[in-house]
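Right, one structure below, let's go through it.
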Amino acid sequence: MAKKNDWVRIHRNVLEPQERTGKLPEDTKQVPLEMWVKGRLQNETAEIGDEVTIVTSVGRAEHGTLIEVNPCYELNYGAFVPEILEMEDRLRSALFGGDQA
Amino acid sequence: MINGMIVDKSYQAVTGRKAQIIDKAMGVDYSKYERDGVAFDYEALMNGTGYTLEDHIRIQRQFNVGNTPIFELHNLTALARKYAAPGKGARIFVKDEASNPAGSFKERRAAASVYHAKKMGYKGVIAATSGNYGAAVASQAAMQGLKCIIVQECYDSKASGQPEIIEKARKCEALGAEVLQLTVGPELFYEVLVMLEETGYFNASLYSAFGVGGVETLGWELGHQFLERYGKHPDVVVCANAGGGNLTGTARGLIKAGCPAQVVAASVDLKGLSMASDKQFNRKSFTTAHTGFGVPYATDPDHSDVPRSAARPLRYMDRYVTVKQGEVFYITEALATLEGMEKGPAGNTSLAAAFSLAQEMDQDQIIVAQETEYTGAGKHIQPQLAFARKNGIELLFGDPADEIPGTNIVFPADPGLLKARDADLDHMRASLIKRQVRNATGPLTDDDIAYLAQETKSDEAFVKKVLAAL
């Protein structure tokens with residue numbers, strides 16, 4: 001459960017498919033324009049999935065579905081890509097010669 | 001609600017109010033630059049900001065932007081010479097724009113916008129960008145004491161986001177900005193209009209004269225740095241090209257520094273991929289500096305978030321080359337492993353082209369890749385390639401000429417296979433001319449013809465030939 005002033009992330013559809021611009025590829029036409037934003041929860045309490053109001057870091061009010069409390073970044077350096085090592089080996093060998101690579 | 005009235009926020013209503021929203025959010029009366037016919041007064045637009053090159057330099061110094069070092073890449077030069085004809089293989093340099101406070105040249109573009117917004121009494125700035133410009137505006141807003149909202153195109157409809165864009169969101173938030181993340185679609189600009197209207201903030205458009213004028217310092221520095229250090233000008237300056245502001249500003253700065261270098265545009269070849277397609281969004285590995293922006297913005301500069309774009313690259317471009325995704329990743333790895341510099345992949349687009357173009361030039365000549373960008377989790381060769389593989393893209397070694405965007409990424413099997421390929425610049429020039437005369441209400445005047453020649457760095461004979469073929 002989230003409490004007032006918790007840092008949260010919300011989601012809502014800004015434009016439903018029929019509200020979007022006409023100049024779109026077919027696949028994009030089928031889906032809504034969605035939005036995610038973070039801020040401090042204004043409701044006294046809320047559960048994931050509730051419709052809530054937040055105040056963002058610039059002080060703007062936004063509304064949407066609560067999807068995350070204390071949202072964190074999960075980006076990283078990704079899975080190992082062996083081709084990168086292969087590039088390294090090939091480059092060193094191209095410049096310095098095989099034995100010195 | 002604005003002044004107690006209920007505001008219609010539908011797509012049609014908001015885009016219908018675009019002119020007045022932009023007018024209020026920038027304080028620039030674009031109509032005064034229009035001339036009769038298709039022409040407008042580009043130099044008046046560029047000079048109309050009230051900020052000269054000297055002002056931009058002063059503002060950038062005050063807020064820690066610019067004056068970045070140039071590095072000679074001895075090992076990449078030696079490698080290029082192994083694949084060049086005897087006597088060929090120009091000295092390759094890079095301008096380390098990653099050493100700007102937010103990690104890219106884009107801060108030059110942000111500094112004067114934020115400065116001007118503050119001077120005019122705006123409480124905050126808004127920018128539409130999934131790229132480094134967001135971090136640049138956020139950084140300058142933090143430094144100069146304004147609020148900041150960045151609107152990003154970030155996810156596909158499965159909420160899967162490009163790792164590079166997610167990193168940019170993190171950085172913008174770290175610098176105090178609010179980040180609005182959207183799914184794929186050109187309605188990004190609609191959302192910006194909604195935000196501008198709601199907040200009354202300044203539109204820190206990438207395409208304003210404040211922004212593009214700010215990049216002139218980069219070209220100006222290049223002109224002076226080489227003269228001071230090597231007693232001569234660079235022969236070729238390669239600029240990554242997307243929206244066109246990088247090339248436009250750099251070229252204008254080079255001219256102001258008296259530097260006669262040839263200006264070459266370089267974009268990552270994403271031919272065949274639709275930039276507005278939900279399903280293709282995550283099948284590309286470059287979110288900027290690619291042909292999906294580079295070509296349409298060069299041939300139709302005025303389809304951005306301002307009525308007249310200050311970024312008009314065809315006015316300054318001597319040549320336009322494309323490189324493949326696999327080639328840019330490869331040169332990124334080369335820069336790390338042979339030169340000891342780990343930088344973000346997209347910022348190395350111009351370096352990939354420079355490595356190939358150097359092989360056409362004499363050994364005593366100088367070629368400069370005019371930017372680098374920061375790197376970090378998400379925005380790095382490894383997570384970007386891992387993400388590509390996860391999205392079904394095949395990674396292989398071979399001839400990058402065989403690369404098919406959205407299907408595979410082909411790394412050069414050996415360095416000699418990395419080739420900058422010429423795009424048809426005359427075709428793009430003709431395309432710009434055709435597009436602009438489409439809006440003509442009467443017969444074209446001599447002023448229009450002269451304007452179109454300037455717009456395309458061509459001459460009146462070329463413009464007339466294109467018009468005759470219509």
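Identifiers in this document derive from the order of the structure tokens: chains are assigned A, B, ..., residues are numbered from 1 separately in each chain, and ligands are numbered from 1 in order of occurrence.
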If we count only C-alpha atoms, what is near stretch 420-432 of chain B at a cut-off of 7 Å, once residues fewer than 4 positions away on the same chain are taken out, given as JSON, numbers by chain? {"B": [299, 300, 319, 320, 321, 322, 323, 353, 356, 357, 436, 456, 466]}
Using the selection just defined, write its residues with N, CA and C atoms as a PDB file, in the first residue's frame.
```pdb
ATOM      1  N   THR B 299      15.268  17.525 -46.010  1.00  0.00           N
ATOM      2  CA  THR B 299      14.485  17.882 -47.193  1.00  0.00           C
ATOM      3  C   THR B 299      13.228  18.664 -46.837  1.00  0.00           C
ATOM      4  N   ASP B 300      12.828  18.605 -45.559  1.00  0.00           N
ATOM      5  CA  ASP B 300      11.622  19.332 -45.119  1.00  0.00           C
ATOM      6  C   ASP B 300      11.849  19.848 -43.698  1.00  0.00           C
ATOM      7  N   ARG B 319      28.504  17.214 -48.638  1.00  0.00           N
ATOM      8  CA  ARG B 319      28.420  15.791 -48.960  1.00  0.00           C
ATOM      9  C   ARG B 319      27.589  15.129 -47.870  1.00  0.00           C
ATOM     10  N   TYR B 320      26.875  14.069 -48.199  1.00  0.00           N
ATOM     11  CA  TYR B 320      26.070  13.343 -47.204  1.00  0.00           C
ATOM     12  C   TYR B 320      26.400  11.860 -47.354  1.00  0.00           C
ATOM     13  N   VAL B 321      26.927  11.269 -46.287  1.00  0.00           N
ATOM     14  CA  VAL B 321      27.237   9.831 -46.341  1.00  0.00           C
ATOM     15  C   VAL B 321      26.438   9.090 -45.274  1.00  0.00           C
ATOM     16  N   THR B 322      26.226   7.810 -45.534  1.00  0.00           N
ATOM     17  CA  THR B 322      25.577   6.969 -44.524  1.00  0.00           C
ATOM     18  C   THR B 322      26.540   5.864 -44.103  1.00  0.00           C
ATOM     19  N   VAL B 323      26.360   5.430 -42.866  1.00  0.00           N
ATOM     20  CA  VAL B 323      27.109   4.285 -42.352  1.00  0.00           C
ATOM     21  C   VAL B 323      26.105   3.321 -41.735  1.00  0.00           C
ATOM     22  N   ALA B 353      32.173   7.366 -40.119  1.00  0.00           N
ATOM     23  CA  ALA B 353      32.305   7.936 -41.468  1.00  0.00           C
ATOM     24  C   ALA B 353      33.717   8.475 -41.675  1.00  0.00           C
ATOM     25  N   SER B 356      36.414   5.983 -42.675  1.00  0.00           N
ATOM     26  CA  SER B 356      36.362   5.607 -44.088  1.00  0.00           C
ATOM     27  C   SER B 356      36.811   6.759 -44.995  1.00  0.00           C
ATOM     28  N   LEU B 357      36.306   7.951 -44.732  1.00  0.00           N
ATOM     29  CA  LEU B 357      36.636   9.105 -45.594  1.00  0.00           C
ATOM     30  C   LEU B 357      38.124   9.447 -45.527  1.00  0.00           C
ATOM     31  N   GLN B 436       8.985  22.804 -51.084  1.00  0.00           N
ATOM     32  CA  GLN B 436       8.751  24.211 -50.747  1.00  0.00           C
ATOM     33  C   GLN B 436       7.881  24.917 -51.780  1.00  0.00           C
ATOM     34  N   THR B 456      19.554  25.115 -50.726  1.00  0.00           N
ATOM     35  CA  THR B 456      20.103  23.836 -51.167  1.00  0.00           C
ATOM     36  C   THR B 456      21.601  23.907 -51.488  1.00  0.00           C
ATOM     37  N   VAL B 466      15.329  21.806 -61.715  1.00  0.00           N
ATOM     38  CA  VAL B 466      14.395  21.013 -60.899  1.00  0.00           C
ATOM     39  C   VAL B 466      12.959  21.466 -61.162  1.00  0.00           C
TER      40      VAL B 466
END
```
Compute the chain B side of the contact with chain A at 6 Å, counting only C-alpha atoms, and hand it back as an NGL selection string. :B and (79 or 147 or 178 or 180-183 or 277-278 or 377-378 or 382-383 or 386)
To test your reading of the structure, identify every residue in stretch 169-394 of chain B that backbone DSSP assigns to alpha helix (DSSP H), and report it as JSON, numbers by chain. {"B": [169, 170, 171, 172, 173, 174, 188, 189, 190, 191, 192, 193, 194, 195, 196, 197, 198, 199, 209, 210, 211, 212, 213, 214, 215, 216, 217, 218, 219, 220, 221, 222, 223, 224, 225, 226, 227, 228, 229, 230, 245, 246, 247, 248, 249, 250, 251, 252, 253, 254, 255, 256, 291, 292, 293, 294, 295, 296, 297, 298, 299, 325, 326, 327, 328, 329, 330, 331, 332, 333, 334, 335, 336, 337, 338, 339, 349, 350, 351, 352, 353, 354, 355, 356, 357, 381, 382, 383, 384, 385, 386, 387, 388, 389, 390]}
For A:Pro17, which of B:Glu187, B:Glu97, B:Glu373, B:Asp8 is the closest residue, counting only C-alpha atoms? B:Glu187
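The two atoms in question, atom CA of B:Gly326 and atom CA of B:Glu342, are spaced 16.9 Å apart.
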